[in-house]
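Read the structure below first, then the notes.
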Amino acid sequence: MTPLPREQFPAVNRWAYLNHAGICPLPSSSVEALRRQAVEVSLDGEFTYAAHSAAIERARVSAATLMGVSSRDVAFVKNTSTGLGFVANGLEWAPGDRVVIPDGEFPSTLYPWLALADRGVVVDRVSGPLTTEAFAEKIAAGPPPKIVVTSWVQFGHGRRVDLAALSRVCRDAGALFCVDVIQGLGVIPARLEEWGVDFAMADGHKWLLGPQGCGVFYVRESCLDLLRPLEPGWNSVVHREDWDNPAYVPDVTARRLEGGMPNIAGIAALGTSIDLVLAAGIEEIWSHVDGLCERAREGFAGIGATVLSDGDAGYRSGIVSVHVDGIPIPLLAERLKARGIACSARAGGLRISPHGYNTEDEIDRLIVAVGEERG
Ligand SMILES: Cc1ncc(COP(=O)(O)O)c(C=O)c1O
């Protein structure tokens with residue numbers, strides 16, 4: 001038995017699908033949610049709106065539950081980059097303001113801060129293993145940063161950052177704390193509010209098992225007023241749907257960041273996927289995935305491959321990256337694809353990322369295939 005029901009994932013009939021750090025296969029119930037919204041609008045147009053708005057609010061509560069935050073502090077966004085842009089472009093900057101961020105971040109996590117160069121913003125990189133101490137050292141190496149930015153889990157080798165510990169360092173330094181959670185949310189239990197995260201964002205198409213181009217954004221209540229809403233529209237104000245009232249009075253919740261018509265089908269499907277995760281239990285999913293990753297690390301070591309991911313309990317995630325001699329990694333990923341095994345080539349390694357419906361047999365199949373392809 002797997003925590004997530006395998007029958008929800010028709011992809012299992014075609015693949016050993018081990019690429020949730022890339023793009024997940026959609027569960028059947030979320031496909032049905034997409035279809036239902038489209039069919040209903042095809043029949044009744046605007047008369048579906050009230051019911052669909054209610055579905056959005058249910059999805060918001062589900063997303064907030066998974067993040068460990070209040071639903072008032074959650075907005076739906078197009079993707080992770082949009083959420084990062086809301087922070088980078090919504091904050092007020094002065095020349096010389098510092099941003100601290102790790103080396104080797106996913107491009108979307110880095111670019112919004114580099115793009116502030118014309119406002120005199122300085123971006124400082126943390127290099128080497130991402131310990132809390134390494135962040136603390138970089139933070140202390142210059143004027144107090146305005147914000148510290150990091151991925152919860154690095155996209156390449158899957159190293160996890162200790163958010164609770166790092167947020168304390170940020171608070172002591174007077175810095176805001178912004179976390180790209182796309183590579184952890186949906187597989188690792190999250191308590192973002194308790195951990196002291198100020199801003200967090202994730203698109204749905206990885207571990208959240210949702211469709212592409214529909215994500216979540218968290219802003220701590222005390223930080224909401226720090227962000228200038230970048231896309232104000234009818235849906236951002238306290239009196240939404242009072243079409244004759246031209247006053248711009250931003251909503252008091254994170255909804256003020258949602259400008260116009262939301263992606264109703266996408267949010268309904270994302271909410272359905274999150275509900276699947278919540279029903280399975282995030283602790284159960286994490287324990288299962290952690291076990292599969294441990295099996296993969298052992299299996300790879302057993303065939304003489306070099307595991308690049310840290311196996312330490314505090315640093316590991318749902319990603320295992322491995323280097324294999326004797327075959328270029330992109331070619332290896334292609335050969336595995338031809339054998340019905342889905343993983344990817346990233347940061348010099350073969351990256352695997354199982355979820356709560358994958359099995360030990362699938363991991364064993366992967367290890368045997370890698371051993372054979374390497375020759
Ligand atoms: C750390 C990280 N951030 C962001 C993204 C994607 O950004 P977006 O949701 O804007 O496409 C990815 C992967 O594609 C990622 O690994």
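Residues are referred to by chain and number: the chain letter is A, B, ... according to the order shown in the structure tokens, the number counts from 1 in that chain, and ligands are numbered separately from 1 in the order shown.
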
Test item: residues at most 9 Å from Pro5 (chain A), only C-alpha atoms, excluding those fewer than 4 positions along its chain, as a PyMOL selection string: chain A and resi 1+9+276+280+356-357

Against ligand 1, which residues of chain A fall within 9 Å? For each one I want the closest pair of atoms and the distance in Å (one decimal), counting only C-alpha atoms and all ligand atoms, rows by chain and increasing residue number, as a Markdown table.
```
| residue | atom | partner | partner_atom_place_in_ligand_line | distance |
| --- | --- | --- | --- | --- |
| A:Ala21 | CA | ligand 1 | 16 (O) | 6.8 |
| A:Gly22 | CA | ligand 1 | 14 (O) | 6.3 |
| A:Ile23 | CA | ligand 1 | 14 (O) | 7.9 |
| A:Lys78 | CA | ligand 1 | 9 (O) | 7.7 |
| A:Asn79 | CA | ligand 1 | 9 (O) | 4.1 |
| A:Thr80 | CA | ligand 1 | 9 (O) | 3.7 |
| A:Ser81 | CA | ligand 1 | 10 (O) | 3.6 |
| A:Thr82 | CA | ligand 1 | 10 (O) | 6.4 |
| A:Gly83 | CA | ligand 1 | 10 (O) | 8.1 |
| A:Leu84 | CA | ligand 1 | 10 (O) | 8.3 |
| A:Glu105 | CA | ligand 1 | 1 (C) | 6.8 |
| A:Phe106 | CA | ligand 1 | 1 (C) | 4.9 |
| A:Pro107 | CA | ligand 1 | 3 (N) | 7.5 |
| A:Ser108 | CA | ligand 1 | 4 (C) | 5.5 |
| A:Thr109 | CA | ligand 1 | 3 (N) | 5.6 |
| A:Thr150 | CA | ligand 1 | 1 (C) | 8.6 |
| A:Ser151 | CA | ligand 1 | 1 (C) | 5.6 |
| A:Trp152 | CA | ligand 1 | 1 (C) | 7.9 |
| A:Val153 | CA | ligand 1 | 1 (C) | 7.0 |
| A:Gln154 | CA | ligand 1 | 1 (C) | 6.0 |
| A:Phe155 | CA | ligand 1 | 16 (O) | 4.5 |
| A:Gly156 | CA | ligand 1 | 16 (O) | 7.8 |
| A:Asp180 | CA | ligand 1 | 3 (N) | 6.0 |
| A:Val181 | CA | ligand 1 | 1 (C) | 7.2 |
| A:Ile182 | CA | ligand 1 | 2 (C) | 5.8 |
| A:Gln183 | CA | ligand 1 | 1 (C) | 5.9 |
| A:Met201 | CA | ligand 1 | 9 (O) | 8.5 |
| A:Ala202 | CA | ligand 1 | 9 (O) | 6.2 |
| A:Asp203 | CA | ligand 1 | 9 (O) | 4.4 |
| A:Gly204 | CA | ligand 1 | 9 (O) | 7.6 |
| A:His205 | CA | ligand 1 | 9 (O) | 7.8 |
| A:Lys206 | CA | ligand 1 | 13 (C) | 7.9 |
| A:Gln212 | CA | ligand 1 | 9 (O) | 8.0 |
| A:Gly213 | CA | ligand 1 | 9 (O) | 6.9 |
| A:Cys214 | CA | ligand 1 | 9 (O) | 8.2 |
| A:Gly215 | CA | ligand 1 | 9 (O) | 7.3 |
```

Selection: 6 Å around Phe199 (chain A), only C-alpha atoms, excl. self and same-chain fewer than 6 positions, as a list of chain:residue names: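 Contacts, with the query itself left out: A:Cys178, A:Tyr218, A:Val219.
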
Serialized selection, C-alpha atoms, as a JSON list (two decimals), in the first residue's frame:
```json
[["chain", "number", "residue", "atom", "x", "y", "z"],
["A", 178, "CYS", "CA", 11.56, 34.75, 1.35],
["A", 218, "TYR", "CA", 2.04, 33.04, 1.19],
["A", 219, "VAL", "CA", 2.64, 36.41, 2.79]]
```

Where does region 229-340 of chain A meet region 30-38 of chain A within 12 Å, residue by residue, with the nearest atom pair and distance in Å to one decimal for each, counting only C-alpha atoms, listed by chain and rising number, as a Markdown table?
```
| residue | atom | partner | partner_atom | distance |
| --- | --- | --- | --- | --- |
| A:Asn263 | CA | A:Leu34 | CA | 10.6 |
| A:Ile264 | CA | A:Gln37 | CA | 7.7 |
| A:Ala265 | CA | A:Leu34 | CA | 5.1 |
| A:Gly266 | CA | A:Leu34 | CA | 6.7 |
| A:Ile267 | CA | A:Leu34 | CA | 8.9 |
| A:Ala268 | CA | A:Ala33 | CA | 6.1 |
| A:Ala269 | CA | A:Ser30 | CA | 4.5 |
| A:Leu270 | CA | A:Ser30 | CA | 7.0 |
| A:Gly271 | CA | A:Ser30 | CA | 8.3 |
| A:Thr272 | CA | A:Ser30 | CA | 5.6 |
| A:Ser273 | CA | A:Ser30 | CA | 5.9 |
| A:Ile274 | CA | A:Ser30 | CA | 9.5 |
| A:Asp275 | CA | A:Ser30 | CA | 9.9 |
| A:Leu276 | CA | A:Ser30 | CA | 9.2 |
| A:Val277 | CA | A:Ser30 | CA | 11.9 |
```

Would you mind exporting the chosen residues as a CSV table (one decimal), in the first residue's frame, restricted to C-alpha atoms?
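The result, stored in again.csv:
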```csv
chain,number,residue,atom,x,y,z
A,263,ASN,CA,-7.7,30.7,-13.1
A,264,ILE,CA,-10.8,28.9,-11.8
A,265,ALA,CA,-10.2,25.5,-13.5
A,266,GLY,CA,-6.6,25.5,-12.5
A,267,ILE,CA,-7.3,26.4,-8.9
A,268,ALA,CA,-10.1,23.8,-8.7
A,269,ALA,CA,-7.7,21.1,-9.9
A,270,LEU,CA,-4.9,22.3,-7.7
A,271,GLY,CA,-7.2,22.2,-4.7
A,272,THR,CA,-8.3,18.7,-5.6
A,273,SER,CA,-4.7,17.6,-5.8
A,274,ILE,CA,-3.9,19.2,-2.4
A,275,ASP,CA,-6.9,17.5,-0.9
A,276,LEU,CA,-5.5,14.2,-2.2
A,277,VAL,CA,-2.2,14.9,-0.4
```

DSSP strand (DSSP E) selection over region 193-276 of chain A, as number ranges by chain: A: 199-203, 215-219

Given the selection you just returned, output its residues as a file containing N, CA and C atoms, formatted as a PDB file, in the first residue's frame.
```
ATOM      1  N   PHE A 199       7.635  35.259   3.260  1.00  0.00           N
ATOM      2  CA  PHE A 199       7.024  35.100   1.932  1.00  0.00           C
ATOM      3  C   PHE A 199       7.386  33.701   1.416  1.00  0.00           C
ATOM      4  N   ALA A 200       6.421  33.033   0.789  1.00  0.00           N
ATOM      5  CA  ALA A 200       6.717  31.713   0.205  1.00  0.00           C
ATOM      6  C   ALA A 200       5.850  31.531  -1.030  1.00  0.00           C
ATOM      7  N   MET A 201       6.377  30.787  -1.997  1.00  0.00           N
ATOM      8  CA  MET A 201       5.642  30.600  -3.251  1.00  0.00           C
ATOM      9  C   MET A 201       5.965  29.247  -3.868  1.00  0.00           C
ATOM     10  N   ALA A 202       4.977  28.689  -4.579  1.00  0.00           N
ATOM     11  CA  ALA A 202       5.202  27.422  -5.293  1.00  0.00           C
ATOM     12  C   ALA A 202       4.166  27.280  -6.390  1.00  0.00           C
ATOM     13  N   ASP A 203       4.624  26.884  -7.545  1.00  0.00           N
ATOM     14  CA  ASP A 203       3.657  26.483  -8.566  1.00  0.00           C
ATOM     15  C   ASP A 203       3.165  25.081  -8.211  1.00  0.00           C
ATOM     16  N   GLY A 215      -0.361  28.401  -9.024  1.00  0.00           N
ATOM     17  CA  GLY A 215       0.405  28.183  -7.802  1.00  0.00           C
ATOM     18  C   GLY A 215      -0.124  28.961  -6.617  1.00  0.00           C
ATOM     19  N   VAL A 216       0.633  28.869  -5.524  1.00  0.00           N
ATOM     20  CA  VAL A 216       0.220  29.516  -4.276  1.00  0.00           C
ATOM     21  C   VAL A 216       1.305  30.470  -3.797  1.00  0.00           C
ATOM     22  N   PHE A 217       0.853  31.507  -3.099  1.00  0.00           N
ATOM     23  CA  PHE A 217       1.768  32.514  -2.566  1.00  0.00           C
ATOM     24  C   PHE A 217       1.350  32.802  -1.136  1.00  0.00           C
ATOM     25  N   TYR A 218       2.309  32.728  -0.215  1.00  0.00           N
ATOM     26  CA  TYR A 218       2.042  33.043   1.188  1.00  0.00           C
ATOM     27  C   TYR A 218       2.739  34.338   1.563  1.00  0.00           C
ATOM     28  N   VAL A 219       2.006  35.205   2.225  1.00  0.00           N
ATOM     29  CA  VAL A 219       2.642  36.407   2.790  1.00  0.00           C
ATOM     30  C   VAL A 219       2.196  36.522   4.244  1.00  0.00           C
TER      31      VAL A 219
END
```

Arg14 (chain A) surroundings by only C-alpha atoms, 10 Å radius, close-in-sequence under 5 positions cut, as a VMD selection string: chain A and resid 339 to 342

From A:Ala50, A:Val122, A:Ile367, A:Val249, residue lying nearest Gly302 (chain A) [only C-alpha atoms]: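 Using only C-alpha atoms, the shortest distance to Gly302 (chain A) belongs to A:Ile367.
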
Distance of CA of Pro354 (chain A) from CA of Asp312 (chain A), expressed in Å to one decimal place: 18.1 Å

Neighbour list for Leu176 (chain A) as a PyMOL selection string, cut-off 8 Å, only C-alpha atoms, skip fewer than 3 positions in-chain: chain A and resi 146-148+170-171+198

Keeping only all heavy atoms, take the residues you just selected and write them out as a compact mmCIF listing (two decimals), in the first residue's frame.
```txt
# COMPACT_ATOMS: atom_id res chain seq x y z
N LYS A 146 18.37 43.44 3.34
CA LYS A 146 16.93 43.74 3.40
C LYS A 146 16.15 42.43 3.39
O LYS A 146 15.13 42.29 4.04
CB LYS A 146 16.53 44.59 2.19
CG LYS A 146 15.06 44.99 2.23
CD LYS A 146 14.77 45.99 1.14
CE LYS A 146 13.32 46.41 1.11
NZ LYS A 146 13.02 47.52 2.01
N ILE A 147 16.67 41.45 2.64
CA ILE A 147 15.94 40.19 2.52
C ILE A 147 16.92 39.04 2.26
O ILE A 147 17.94 39.24 1.60
CB ILE A 147 14.86 40.28 1.41
CG1 ILE A 147 13.89 39.12 1.46
CG2 ILE A 147 15.49 40.40 0.03
CD1 ILE A 147 12.61 39.36 0.65
N VAL A 148 16.60 37.89 2.83
CA VAL A 148 17.33 36.65 2.53
C VAL A 148 16.37 35.78 1.73
O VAL A 148 15.20 35.61 2.10
CB VAL A 148 17.78 35.95 3.83
CG1 VAL A 148 18.40 34.59 3.52
CG2 VAL A 148 18.75 36.84 4.60
N CYS A 170 17.71 35.44 10.27
CA CYS A 170 17.17 36.59 9.53
C CYS A 170 16.57 37.61 10.49
O CYS A 170 16.81 38.82 10.36
CB CYS A 170 16.11 36.15 8.53
SG CYS A 170 16.76 35.14 7.21
N ARG A 171 15.77 37.10 11.42
CA ARG A 171 15.10 38.02 12.35
C ARG A 171 16.14 38.81 13.16
O ARG A 171 16.02 40.02 13.32
CB ARG A 171 14.17 37.23 13.27
CG ARG A 171 13.06 38.09 13.85
CD ARG A 171 12.04 37.32 14.67
NE ARG A 171 11.77 35.98 14.17
CZ ARG A 171 11.98 34.87 14.88
NH1 ARG A 171 12.46 34.92 16.10
NH2 ARG A 171 11.69 33.70 14.37
N ASP A 198 8.51 34.74 5.89
CA ASP A 198 7.70 35.94 5.60
C ASP A 198 6.96 35.82 4.27
O ASP A 198 5.82 36.27 4.15
CB ASP A 198 8.60 37.18 5.57
CG ASP A 198 9.16 37.49 6.95
OD1 ASP A 198 8.40 37.36 7.94
OD2 ASP A 198 10.35 37.83 7.04
```

Selected residue, from A:Asp310, A:Arg346, A:Gly326, A:Val87, that lies nearest to Thr131 (chain A) when counting only C-alpha atoms: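 Nearest candidate to Thr131 (chain A) out of A:Asp310, A:Arg346, A:Gly326, A:Val87: A:Asp310.
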
Closest of A:Gly85, A:Pro27, A:Pro262, A:Gly210 to Ala63 (chain A) - atom-to-atom distances counting only C-alpha atoms: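 Closest candidate: A:Gly210.
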
Between CA of Pro330 (chain A) and CA of Ala345 (chain A) - distance in Å to one decimal: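 Separation between CA of Ala345 (chain A) and CA of Pro330 (chain A): 5.4 Å.
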